[in-house]
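Text of model.cif (mmCIF, C-alpha atoms) as supplied:
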```cif
data_model
#
loop_
_atom_site.label_atom_id
_atom_site.label_comp_id
_atom_site.auth_asym_id
_atom_site.auth_seq_id
_atom_site.Cartn_x
_atom_site.Cartn_y
_atom_site.Cartn_z
CA MET O 1 -20.59 4.84 13.51
CA ASN O 2 -24.30 5.54 13.20
CA SER O 3 -26.82 2.71 13.13
CA ASN O 4 -27.61 3.28 9.46
CA GLU O 5 -23.96 2.73 8.53
CA VAL O 6 -23.77 -0.36 10.77
CA ASP O 7 -26.82 -1.73 8.92
CA ARG O 8 -25.35 -0.97 5.51
CA VAL O 9 -22.07 -2.69 6.43
CA ALA O 10 -23.94 -5.72 7.79
CA LEU O 11 -26.02 -5.97 4.61
CA ALA O 12 -22.92 -5.58 2.44
CA LYS O 13 -21.24 -8.39 4.43
CA ALA O 14 -24.20 -10.57 3.54
CA GLY O 15 -23.56 -9.78 -0.13
CA ASP O 16 -26.28 -7.15 -0.66
CA ARG O 17 -25.16 -5.30 -3.82
CA GLY O 18 -27.43 -2.30 -3.07
CA ALA O 19 -25.78 -1.75 0.32
CA MET O 20 -22.33 -2.02 -1.29
CA HIS O 21 -23.31 0.57 -3.85
CA GLU O 22 -24.54 2.90 -1.13
CA LEU O 23 -21.26 2.54 0.79
CA TYR O 24 -19.42 3.25 -2.47
CA GLU O 25 -21.51 6.37 -3.17
CA ARG O 26 -20.90 7.75 0.32
CA ASN O 27 -17.15 7.24 0.35
CA ARG O 28 -16.01 7.42 -3.28
CA SER O 29 -15.22 11.18 -3.39
CA ARG O 30 -12.99 11.08 -0.32
CA ILE O 31 -11.07 8.05 -1.55
CA TYR O 32 -10.77 9.44 -5.09
CA SER O 33 -9.52 12.78 -3.78
CA LEU O 34 -6.77 11.03 -1.76
CA ALA O 35 -5.87 8.84 -4.75
CA TYR O 36 -5.73 11.77 -7.18
CA ARG O 37 -3.64 13.94 -4.88
CA TYR O 38 -1.25 11.06 -4.37
CA ALA O 39 -1.12 9.89 -8.00
CA GLY O 40 -1.55 13.19 -9.84
CA ASN O 41 -3.57 11.73 -12.72
CA VAL O 42 -7.12 10.51 -13.27
CA ALA O 43 -6.29 7.07 -14.70
CA ASP O 44 -4.16 5.98 -11.72
CA ALA O 45 -6.58 7.59 -9.26
CA GLU O 46 -9.49 5.61 -10.76
CA ASP O 47 -7.44 2.40 -10.61
CA ILE O 48 -6.68 3.02 -6.95
CA LEU O 49 -10.35 3.84 -6.27
CA GLN O 50 -11.45 0.56 -7.86
CA ASP O 51 -8.74 -1.51 -6.13
CA THR O 52 -9.69 -0.01 -2.78
CA PHE O 53 -13.37 -0.90 -3.02
CA ILE O 54 -12.72 -4.35 -4.50
CA LYS O 55 -10.31 -5.16 -1.65
CA ALA O 56 -12.66 -3.66 0.93
CA PHE O 57 -15.71 -5.61 -0.21
CA GLN O 58 -13.69 -8.82 -0.58
CA SER O 59 -12.36 -8.51 2.98
CA LEU O 60 -15.51 -7.11 4.55
CA GLN O 61 -15.93 -10.29 6.61
CA LYS O 62 -12.72 -9.42 8.47
CA CYS O 63 -13.95 -5.91 9.20
CA GLN O 64 -15.09 -5.71 12.84
CA LEU O 65 -16.89 -2.40 13.28
CA ASN O 66 -18.84 -1.08 16.26
CA GLU O 67 -20.17 2.29 17.45
CA ASN O 68 -16.63 3.52 18.12
CA SER O 69 -15.09 2.57 14.81
CA TYR O 70 -15.86 3.90 11.39
CA PHE O 71 -16.19 2.17 8.04
CA ALA O 72 -14.73 5.29 6.41
CA THR O 73 -11.55 5.09 8.54
CA TRP O 74 -11.11 1.39 7.78
CA LEU O 75 -11.66 2.11 4.08
CA TYR O 76 -9.19 4.99 4.17
CA ARG O 77 -6.53 2.66 5.54
CA ILE O 78 -7.14 0.28 2.63
CA ALA O 79 -6.94 3.21 0.18
CA VAL O 80 -3.57 4.26 1.60
CA ASN O 81 -2.20 0.72 1.23
CA CYS O 82 -3.61 0.42 -2.30
CA SER O 83 -2.00 3.73 -3.29
CA LEU O 84 1.37 2.68 -1.86
CA ASP O 85 1.18 -0.74 -3.55
CA HIS O 86 0.12 0.78 -6.86
CA PHE O 87 3.20 2.95 -7.00
CA ARG O 88 5.58 0.38 -5.56
CA ARG O 89 4.62 -1.92 -8.41
CA ARG O 90 4.73 0.85 -10.94
CA ARG O 91 8.09 2.12 -9.73
CA ARG O 92 9.54 -1.35 -10.15
CA HIS O 93 7.95 -2.15 -13.48
CA LYS O 94 7.87 1.18 -15.30
CA ASP O 95 9.98 4.24 -15.75
CA ASN O 96 9.93 6.87 -13.02
CA VAL O 97 10.02 9.62 -15.60
CA GLU O 98 6.43 8.90 -16.53
CA LEU O 99 5.29 9.62 -12.95
CA SER O 100 7.04 12.97 -12.86
CA GLU O 101 5.44 13.90 -16.16
CA ASN O 102 2.00 13.16 -14.70
CA LEU O 103 2.29 15.62 -11.86
CA ALA O 104 3.98 18.21 -14.02
CA ALA O 105 1.06 17.91 -16.46
CA ALA O 106 -1.41 18.28 -13.59
CA ALA O 107 0.42 21.46 -12.60
CA GLY O 108 0.38 22.68 -16.20
CA ASN O 109 -3.40 22.27 -16.45
CA GLU O 110 -3.89 24.78 -13.69
CA GLU O 111 -1.73 27.38 -15.33
CA ASP O 112 -4.16 28.10 -18.14
CA ALA O 113 -5.25 31.72 -18.52
CA THR O 114 -3.82 33.01 -15.24
CA PRO O 115 -2.35 36.47 -14.59
CA GLU O 116 1.42 36.80 -14.20
CA SER O 117 1.43 36.68 -10.41
CA GLU O 118 -0.63 33.51 -10.57
CA TYR O 119 1.83 32.12 -13.09
CA VAL O 120 4.74 32.64 -10.68
CA ARG O 121 2.75 30.98 -7.88
CA ASN O 122 1.87 28.08 -10.13
CA GLU O 123 5.48 27.74 -11.21
CA SER O 124 6.57 27.18 -7.61
CA ALA O 125 3.60 24.83 -7.16
CA SER O 126 4.87 22.73 -10.08
CA GLN O 127 8.29 22.60 -8.47
CA VAL O 128 6.76 21.41 -5.21
CA ARG O 129 4.89 18.68 -7.08
CA ARG O 130 8.05 17.57 -8.86
CA GLY O 131 9.77 17.48 -5.47
CA LEU O 132 6.92 15.39 -4.08
CA GLU O 133 7.37 12.92 -6.94
CA ARG O 134 10.96 12.34 -5.92
CA LEU O 135 10.03 11.35 -2.35
CA THR O 136 9.64 7.68 -1.43
CA GLU O 137 6.06 6.34 -1.49
CA ARG O 138 5.58 6.46 2.27
CA LYS O 139 7.06 9.93 2.70
CA ARG O 140 4.91 11.26 -0.15
CA MET O 141 1.85 9.67 1.41
CA VAL O 142 2.59 11.28 4.79
CA VAL O 143 2.89 14.71 3.12
CA VAL O 144 -0.32 14.21 1.09
CA LEU O 145 -2.29 13.09 4.16
CA ARG O 146 -0.97 15.94 6.26
CA HIS O 147 -1.05 18.87 3.87
CA TYR O 148 -3.72 17.97 1.29
CA GLN O 149 -6.09 15.72 3.22
CA GLN O 150 -5.59 17.81 6.40
CA LEU O 151 -5.13 14.84 8.74
CA LYS O 152 -3.60 15.30 12.20
CA ILE O 153 -0.44 13.35 13.15
CA GLY O 154 -2.46 10.85 15.24
CA GLU O 155 -4.89 10.23 12.37
CA ILE O 156 -2.03 9.67 9.91
CA ALA O 157 -0.41 7.20 12.33
CA GLU O 158 -3.70 5.30 12.64
CA THR O 159 -4.26 5.29 8.88
CA MET O 160 -0.75 4.13 8.06
CA GLY O 161 -0.52 1.65 10.92
CA CYS O 162 2.59 3.11 12.53
CA SER O 163 3.53 5.21 15.57
CA GLN O 164 3.12 8.99 15.81
CA GLY O 165 6.89 9.23 16.30
CA SER O 166 7.48 7.46 13.02
CA VAL O 167 5.03 9.79 11.21
CA LYS O 168 6.78 12.88 12.61
CA LYS O 169 10.19 11.49 11.66
CA GLN O 170 9.08 10.83 8.08
CA LEU O 171 7.39 14.22 7.84
CA PHE O 172 10.52 16.04 9.06
CA ARG O 173 12.64 14.11 6.56
CA ALA O 174 10.18 14.67 3.71
CA LEU O 175 9.90 18.42 4.33
CA GLY O 176 13.69 18.65 4.70
CA GLN O 177 14.19 16.88 1.38
CA LEU O 178 11.58 19.09 -0.30
CA LYS O 179 13.29 22.20 1.06
CA LYS O 180 16.65 21.08 -0.35
CA GLU O 181 15.19 20.33 -3.77
CA LEU O 182 13.25 23.59 -3.92
CA SER O 183 16.30 25.59 -2.85
CA ALA O 184 18.32 23.89 -5.58
CA SER O 185 15.70 24.45 -8.29
CA MET O 186 15.08 28.06 -7.28
CA GLY O 187 18.83 28.71 -7.15
CA GLU O 188 18.82 29.91 -3.55
CA MET H 1 11.78 22.75 27.72
CA LYS H 2 14.53 20.86 25.88
CA CYS H 3 15.05 21.01 22.12
CA LYS H 4 13.99 17.35 21.69
CA LYS H 5 10.68 17.97 23.45
CA PHE H 6 10.20 21.16 21.43
CA GLU H 7 10.64 19.27 18.16
CA ASP H 8 8.15 16.67 19.35
CA LEU H 9 5.52 19.39 19.86
CA ILE H 10 5.99 21.33 16.60
CA PHE H 11 3.13 19.65 14.70
CA ALA H 12 0.79 19.65 17.72
CA ASN H 13 1.41 23.40 18.00
CA LEU H 14 0.70 23.96 14.29
CA ASP H 15 -2.55 22.00 14.73
CA GLY H 16 -3.51 24.10 17.78
CA GLN H 17 -3.56 20.96 19.93
CA LEU H 18 -1.32 22.11 22.80
CA ALA H 19 -2.68 22.69 26.31
CA GLU H 20 -2.11 26.17 27.80
CA ALA H 21 0.90 25.14 29.92
CA GLU H 22 2.54 23.28 27.02
CA LYS H 23 1.91 26.18 24.67
CA ALA H 24 3.53 28.63 27.12
CA GLY H 25 6.59 26.36 27.45
CA PHE H 26 6.76 25.94 23.67
CA GLU H 27 6.66 29.68 23.03
CA SER H 28 9.18 30.48 25.71
CA HIS H 29 11.61 27.94 24.17
CA LEU H 30 10.86 29.40 20.72
CA ARG H 31 12.02 32.85 21.93
CA ALA H 32 15.06 31.51 23.82
CA CYS H 33 16.51 29.04 21.28
CA PRO H 34 17.52 30.47 17.87
CA ALA H 35 18.16 27.01 16.37
CA CYS H 36 14.67 25.73 17.27
CA SER H 37 13.13 29.01 16.21
CA ALA H 38 14.74 28.68 12.77
CA ARG H 39 13.68 25.02 12.54
CA PHE H 40 10.09 25.89 13.43
CA GLU H 41 9.98 28.69 10.87
CA GLU H 42 11.43 26.36 8.22
CA ILE H 43 8.81 23.66 8.89
CA ARG H 44 6.00 26.23 8.85
CA LYS H 45 7.25 27.86 5.65
CA ILE H 46 7.81 24.67 3.65
CA GLY H 47 4.47 23.33 4.95
CA SER H 48 2.56 26.32 3.63
CA LEU H 49 4.49 26.17 0.34
CA VAL H 50 3.47 22.53 -0.07
CA GLN H 51 -0.10 23.51 0.72
CA THR H 52 -0.14 26.09 -2.09
CA ALA H 53 0.68 23.27 -4.52
CA ALA H 54 -2.60 21.49 -3.74
CA ILE H 55 -4.00 20.05 -6.95
CA THR H 56 -7.64 20.73 -7.79
CA VAL H 57 -9.22 17.31 -8.04
CA PRO H 58 -10.97 16.88 -11.43
CA GLY H 59 -14.13 14.83 -11.86
CA ALA H 60 -14.05 11.09 -12.37
CA ASP H 61 -16.34 8.62 -14.05
CA PHE H 62 -17.65 7.08 -10.83
CA ASP H 63 -20.32 5.02 -12.59
CA LYS H 64 -17.74 3.36 -14.82
CA SER H 65 -15.60 2.62 -11.78
CA TRP H 66 -18.58 1.08 -9.99
CA ARG H 67 -19.30 -1.16 -12.98
CA LYS H 68 -15.70 -2.42 -12.87
CA ILE H 69 -15.91 -2.99 -9.10
CA ALA H 70 -19.20 -4.86 -9.44
CA ALA H 71 -17.78 -6.99 -12.27
CA ALA H 72 -14.70 -7.88 -10.19
CA LEU H 73 -16.90 -8.90 -7.28
CA SER H 74 -19.29 -11.00 -9.35
CA PRO H 75 -18.65 -14.72 -9.56
CA ALA H 76 -19.42 -16.45 -12.85
CA LEU H 77 -23.00 -16.97 -11.69
CA PRO H 78 -24.78 -18.11 -14.86
CA ARG H 79 -22.20 -20.81 -15.50
CA GLN H 80 -22.46 -22.06 -11.89
CA ILE H 81 -26.22 -22.29 -12.11
CA PHE H 82 -26.00 -24.19 -15.40
CA TRP H 83 -23.63 -26.74 -13.94
CA LEU H 84 -25.74 -27.19 -10.84
CA ARG H 85 -28.90 -27.58 -12.87
CA SER H 86 -27.58 -30.28 -15.12
CA PRO H 87 -27.22 -33.68 -13.36
CA ARG H 88 -25.23 -35.06 -16.27
CA TRP H 89 -22.56 -32.41 -15.91
CA LEU H 90 -22.60 -32.84 -12.16
CA LEU H 91 -21.80 -36.54 -12.56
CA ILE H 92 -19.06 -35.82 -15.08
CA THR H 93 -17.54 -33.21 -12.75
CA ALA H 94 -17.69 -35.55 -9.75
CA GLY H 95 -16.09 -38.33 -11.80
CA PHE H 96 -13.35 -36.05 -13.04
CA LEU H 97 -12.65 -34.75 -9.54
CA ALA H 98 -12.48 -38.26 -8.08
CA PHE H 99 -10.07 -39.29 -10.85
CA PHE H 100 -7.95 -36.21 -10.27
CA ILE H 101 -7.79 -36.66 -6.48
CA LEU H 102 -6.84 -40.33 -6.84
CA GLY H 103 -4.21 -39.40 -9.42
CA VAL H 104 -2.67 -36.77 -7.16
CA ALA H 105 -2.69 -39.14 -4.18
CA ALA H 106 -0.98 -41.85 -6.22
CA ALA H 107 1.59 -39.41 -7.56
CA ARG H 108 2.36 -38.18 -4.06
CA LEU H 109 2.85 -41.72 -2.79
CA TYR H 110 5.11 -42.54 -5.69
CA PHE H 111 7.21 -39.42 -5.54
CA PHE H 112 7.22 -38.84 -1.77
CA SER H 113 10.74 -40.04 -1.10
CA ALA H 114 12.09 -38.27 -4.17
CA ARG H 115 10.41 -35.04 -3.10
CA THR H 116 12.05 -35.17 0.31
CA GLU H 117 15.44 -35.52 -1.33
CA MET H 118 14.73 -32.66 -3.70
CA ALA H 119 13.71 -30.30 -0.90
CA ALA H 120 17.03 -28.52 -0.77
CA PRO H 121 15.69 -25.24 -2.07
CA LEU H 122 18.65 -22.98 -1.51
CA ASP H 123 21.04 -25.17 -3.42
CA ALA H 124 18.63 -26.16 -6.13
CA PRO H 125 18.17 -23.98 -9.20
CA PHE H 126 14.44 -24.53 -9.09
CA MET H 127 11.96 -25.02 -6.25
CA TYR H 128 9.47 -27.70 -7.04
CA SER H 129 6.46 -26.71 -4.98
CA ALA H 130 4.97 -23.76 -3.13
CA GLN H 131 6.04 -25.43 0.14
CA ASP H 132 9.67 -25.71 -0.95
CA TYR H 133 9.51 -22.14 -2.13
CA PHE H 134 8.10 -20.90 1.18
CA ALA H 135 10.81 -22.85 3.03
CA ALA H 136 13.46 -21.02 1.00
CA LEU H 137 11.76 -17.67 1.46
CA GLN H 138 11.24 -17.98 5.22
CA PRO H 139 14.83 -17.07 6.32
CA VAL H 140 14.72 -13.94 4.14
CA LEU H 141 11.44 -12.78 5.68
CA THR H 142 12.64 -13.62 9.20
CA GLU H 143 15.84 -11.63 8.70
CA PHE H 144 13.96 -8.51 7.65
CA SER H 145 11.03 -8.90 10.07
CA ASN H 146 13.08 -9.50 13.22
CA ALA H 147 15.80 -6.92 12.82
CA PRO H 148 14.14 -3.51 13.13
CA GLY H 149 16.57 -0.69 12.66
CA GLN H 150 19.46 -2.91 11.62
CA ASP H 151 20.80 -3.47 8.18
CA GLY H 152 19.72 -7.09 8.01
CA GLY H 153 19.98 -6.98 4.24
CA ASN H 154 23.76 -7.47 4.38
CA THR H 155 23.51 -11.21 4.82
CA ILE H 156 20.94 -11.71 2.05
CA GLY H 157 22.72 -11.90 -1.26
CA GLN H 158 21.31 -10.44 -4.45
CA ALA H 159 21.73 -13.82 -6.18
CA ARG H 160 19.37 -15.44 -3.70
CA ILE H 161 16.78 -12.68 -4.17
CA ARG H 162 17.00 -13.08 -7.98
CA LEU H 163 16.57 -16.85 -7.61
CA LEU H 164 13.51 -16.32 -5.43
CA LEU H 165 12.05 -13.84 -7.92
CA GLY H 166 12.63 -16.19 -10.85
CA ASN H 167 11.00 -19.12 -9.10
CA LEU H 168 8.13 -16.92 -7.98
CA ARG H 169 7.26 -16.18 -11.60
CA ILE H 170 7.16 -19.90 -12.39
CA LEU H 171 4.95 -20.55 -9.38
CA ARG H 172 2.71 -17.72 -10.49
CA LEU H 173 2.28 -19.24 -13.95
CA ARG H 174 1.24 -22.48 -12.30
CA ALA H 175 -1.13 -20.74 -9.86
CA ASP H 176 -2.58 -18.78 -12.76
CA LYS H 177 -3.15 -21.99 -14.68
CA ASN H 178 -4.85 -23.52 -11.62
CA ARG H 179 -6.88 -20.30 -11.14
CA ASP H 180 -5.75 -20.24 -7.51
CA SER H 181 -6.54 -16.59 -6.78
CA SER H 182 -5.50 -16.64 -3.12
CA LEU H 183 -2.07 -18.07 -3.98
CA LEU H 184 -1.77 -15.47 -6.75
CA ARG H 185 -2.49 -12.66 -4.27
CA LEU H 186 0.07 -14.04 -1.83
CA LEU H 187 2.67 -14.34 -4.62
CA ASP H 188 1.94 -10.72 -5.63
CA ASP H 189 2.66 -9.57 -2.07
CA ILE H 190 5.84 -11.68 -1.91
CA GLU H 191 7.03 -10.25 -5.22
CA LEU H 192 6.47 -6.74 -3.92
CA VAL H 193 8.65 -7.46 -0.88
CA LEU H 194 11.39 -9.17 -2.93
CA LEU H 195 11.50 -6.26 -5.39
CA GLU H 196 11.83 -3.84 -2.48
CA ILE H 197 14.73 -5.93 -1.12
CA ALA H 198 16.33 -6.16 -4.57
CA HIS H 199 16.28 -2.37 -4.89
CA LEU H 200 17.16 -1.73 -1.24
CA ASP H 201 19.31 1.31 -0.55
CA ARG H 202 21.58 -0.23 2.09
CA SER H 203 23.03 3.09 3.14
CA ASP H 204 19.89 3.89 5.18
CA SER H 205 18.87 1.42 7.89
CA GLU H 206 15.35 2.89 7.87
CA ASN H 207 14.76 1.20 4.51
CA THR H 208 15.41 -2.21 6.07
CA TRP H 209 12.97 -1.35 8.82
CA LEU H 210 10.38 -0.33 6.21
CA ILE H 211 10.68 -3.72 4.50
CA GLY H 212 9.99 -5.40 7.86
CA THR H 213 6.92 -3.16 8.19
CA LEU H 214 5.78 -4.12 4.69
CA ILE H 215 6.13 -7.85 5.48
CA ARG H 216 4.05 -7.42 8.63
CA GLU H 217 1.46 -5.21 6.87
CA LYS H 218 0.89 -7.86 4.23
CA GLY H 219 0.80 -10.65 6.83
CA ILE H 220 2.95 -12.81 4.55
CA PRO H 221 4.34 -15.26 7.19
CA MET H 222 0.81 -15.94 8.48
CA LYS H 223 -0.59 -16.50 4.96
CA MET H 224 2.32 -18.83 4.20
CA LYS H 225 1.52 -20.85 7.33
CA VAL H 226 -2.08 -21.16 6.17
CA PHE H 227 -0.89 -22.53 2.82
CA LYS H 228 1.49 -24.93 4.52
CA PHE H 229 -1.29 -26.12 6.79
CA ALA H 230 -3.67 -26.58 3.89
CA ASP H 231 -0.92 -28.47 1.98
CA ARG H 232 -2.34 -27.21 -1.28
CA LYS H 233 0.41 -27.11 -3.81
CA THR H 234 2.77 -30.03 -3.56
CA VAL H 235 2.28 -31.40 -7.03
CA GLN H 236 5.51 -32.33 -8.75
CA ILE H 237 6.40 -31.08 -12.19
#
```
Would you kindly transcribe this structure into structure tokens?
Amino acid sequence: MNSNEVDRVALAKAGDRGAMHELYERNRSRIYSLAYRYAGNVADAEDILQDTFIKAFQSLQKCQLNENSYFATWLYRIAVNCSLDHFRRRRRHKDNVELSENLAAAAGNEEDATPESEYVRNESASQVRRGLERLTERKRMVVVLRHYQQLKIGEIAETMGCSQGSVKKQLFRALGQLKKELSASMGE
Amino acid sequence: MKCKKFEDLIFANLDGQLAEAEKAGFESHLRACPACSARFEEIRKIGSLVQTAAITVPGADFDKSWRKIAAALSPALPRQIFWLRSPRWLLITAGFLAFFILGVAAARLYFFSARTEMAAPLDAPFMYSAQDYFAALQPVLTEFSNAPGQDGGNTIGQARIRLLLGNLRILRLRADKNRDSSLLRLLDDIELVLLEIAHLDRSDSENTWLIGTLIREKGIPMKMKVFKFADRKTVQI
């Protein structure tokens, strides 16, 4: 972590609102992108973004950072937990159908005014997204981190607080499940 | 190279993270073993298919989000300053607090023996304090935390989980009334775990293991100890 970031974090710990805002500005796009790719809609992604920063700033005192650790990595871990919690609560309190509709709608938005070949590609993309929606929260998160956020297995393990073996196991299972669902929906 | 080792290296190979010797071993096994070759191709194919479904991230109203974050982080500052500025209100507050503390102490003395008798949480339809509740919850958490990879959920009945969930909601109402935000956060985490247990798919032992992971992630046993130590919520109703 560079000295500027160390300073900003120290100031934010002391309650400096300007430093907090700067940390927010620097990290918001990355966190929002993870949240959107996981949630599939703007409203949930914004909720997750807000929850992440509120939790981060409230627990900043517990955050022990030095030259070898990064605020962004620590924040990313919080974002992953917030995303998982958001959907665990939602899954229990609301209907799952609504979630599937979100991602299907996100897929539909990208189909506007595309040539036929693009339409076919987008059709299979929608099926992948529907398949993703049917995975458990953790499996979906592993796939999103690996394939959309381009994290390596070791980075995913660090972010999710589990072993590399566990990440690989969940990834194999998730991809296997996706393959089955895609084969079924494509009639292979 | 054995098939198990090959499987272990699939993602490292896709990331280009293998050393020369490992890469040579990996490729030689890939040519020699049709099953692993098919598995590798399947993982690669489904991976790239998933990648093609990447959603373009639309813009967000970051300023609005910041305003909400800032509002959530702000204490009710003007009101605090007003109360601190006014000596009359300070005296009234101090008087009220002293009266309240004495009242609670007297109530605890009066009800102490009765409370001890009532602390039979698993048989009682209602748990009277956060401490009693935590005492009833503890065996459930221990069962799931200490049995990785086993189906520990078999010995925890659904009726007990429903009872814990029902009582949790009552405790939450009380914590909400007392504006005890740290207890509310802890109760939220506990509810999350209990809901996971209530909806547990017992056919897969990994799910039980995941609940143990969730309990550890949230640090629930440690937070409960802190509450017990602080002895914060033992008021009778």
Within 8 Å of chain O, which residues of chain H show up when using only C-alpha atoms, listed as a CSV table (one decimal) with C-alpha atoms, keeping the file's coordinate frame?
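Below is the file part08.csv, written as the result:
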```csv
chain,number,residue,atom,x,y,z
H,8,ASP,CA,8.2,16.7,19.4
H,11,PHE,CA,3.1,19.6,14.7
H,12,ALA,CA,0.8,19.6,17.7
H,15,ASP,CA,-2.6,22.0,14.7
H,43,ILE,CA,8.8,23.7,8.9
H,46,ILE,CA,7.8,24.7,3.6
H,47,GLY,CA,4.5,23.3,5.0
H,49,LEU,CA,4.5,26.2,0.3
H,50,VAL,CA,3.5,22.5,-0.1
H,51,GLN,CA,-0.1,23.5,0.7
H,52,THR,CA,-0.1,26.1,-2.1
H,53,ALA,CA,0.7,23.3,-4.5
H,54,ALA,CA,-2.6,21.5,-3.7
H,55,ILE,CA,-4.0,20.0,-7.0
H,57,VAL,CA,-9.2,17.3,-8.0
H,58,PRO,CA,-11.0,16.9,-11.4
H,60,ALA,CA,-14.0,11.1,-12.4
H,62,PHE,CA,-17.6,7.1,-10.8
H,65,SER,CA,-15.6,2.6,-11.8
H,66,TRP,CA,-18.6,1.1,-10.0
H,68,LYS,CA,-15.7,-2.4,-12.9
H,69,ILE,CA,-15.9,-3.0,-9.1
H,72,ALA,CA,-14.7,-7.9,-10.2
H,73,LEU,CA,-16.9,-8.9,-7.3
H,192,LEU,CA,6.5,-6.7,-3.9
H,195,LEU,CA,11.5,-6.3,-5.4
```
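Taking atom CA of Lys139 of chain O and atom CA of Ile156 of chain O as endpoints, the distance between them is 11.6 Å.
Considering the residues O:Arg77, O:Ala72, O:Asp44, O:Glu158 and counting all atoms listed in the file, Arg90 of chain O has its shortest atom-to-atom contact with O:Asp44.
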Notebook entry, point to check: Neighbours of segment 160-177 of chain H within 7 Å (only C-alpha atoms; same-chain residues fewer than 3 positions away dropped), as a PyMOL selection string?
Noted result: chain H and resi 126-127+157+180+183-184+187+191+194+198
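The space separating atom CA of Phe40 of chain H from atom CA of Leu14 of chain H comes to 9.6 Å.
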Next item on the list: Compile the contact shell of Val226 of chain H as a PyMOL selection string: residues with an atom at most 12 Å away, counting all atoms listed in the file, same-chain residues fewer than 6 positions apart removed.
Entry: chain H and resi 130-131+134+182-183+186+219-220+232-233
Export of the given selection (C-alpha atoms) as a CSV table (one decimal), in the frame of the given file:
```csv
chain,number,residue,atom,x,y,z
H,130,ALA,CA,5.0,-23.8,-3.1
H,131,GLN,CA,6.0,-25.4,0.1
H,134,PHE,CA,8.1,-20.9,1.2
H,182,SER,CA,-5.5,-16.6,-3.1
H,183,LEU,CA,-2.1,-18.1,-4.0
H,186,LEU,CA,0.1,-14.0,-1.8
H,219,GLY,CA,0.8,-10.6,6.8
H,220,ILE,CA,3.0,-12.8,4.6
H,232,ARG,CA,-2.3,-27.2,-1.3
H,233,LYS,CA,0.4,-27.1,-3.8
```
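Using only C-alpha atoms for every distance, the candidate list O:Thr159, O:Leu65, O:Val6, O:Tyr76 yields O:Tyr76 as the residue closest to Asn27 of chain O.
If you apply the PyMOL selection byres ((chain H and resi 145) around 8) to this structure, you end up with Leu141, Thr142, Glu143, Phe144, Asn146, Ala147, Pro148, Trp209, Ile211, Gly212, Thr213, Ile215 and Arg216 of chain H.
Coordinates place atom CA of Asp188 of chain H at a distance of 27.7 Å from atom CA of Phe100 of chain H.
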Margin query: Running the PyMOL selection byres ((chain H and resi 23-39) around 8) on this model by hand, what would come out? Give it as a ChimeraX atom specification.
Written below: /H:1-3,6-7,9,13,18-22,40-43
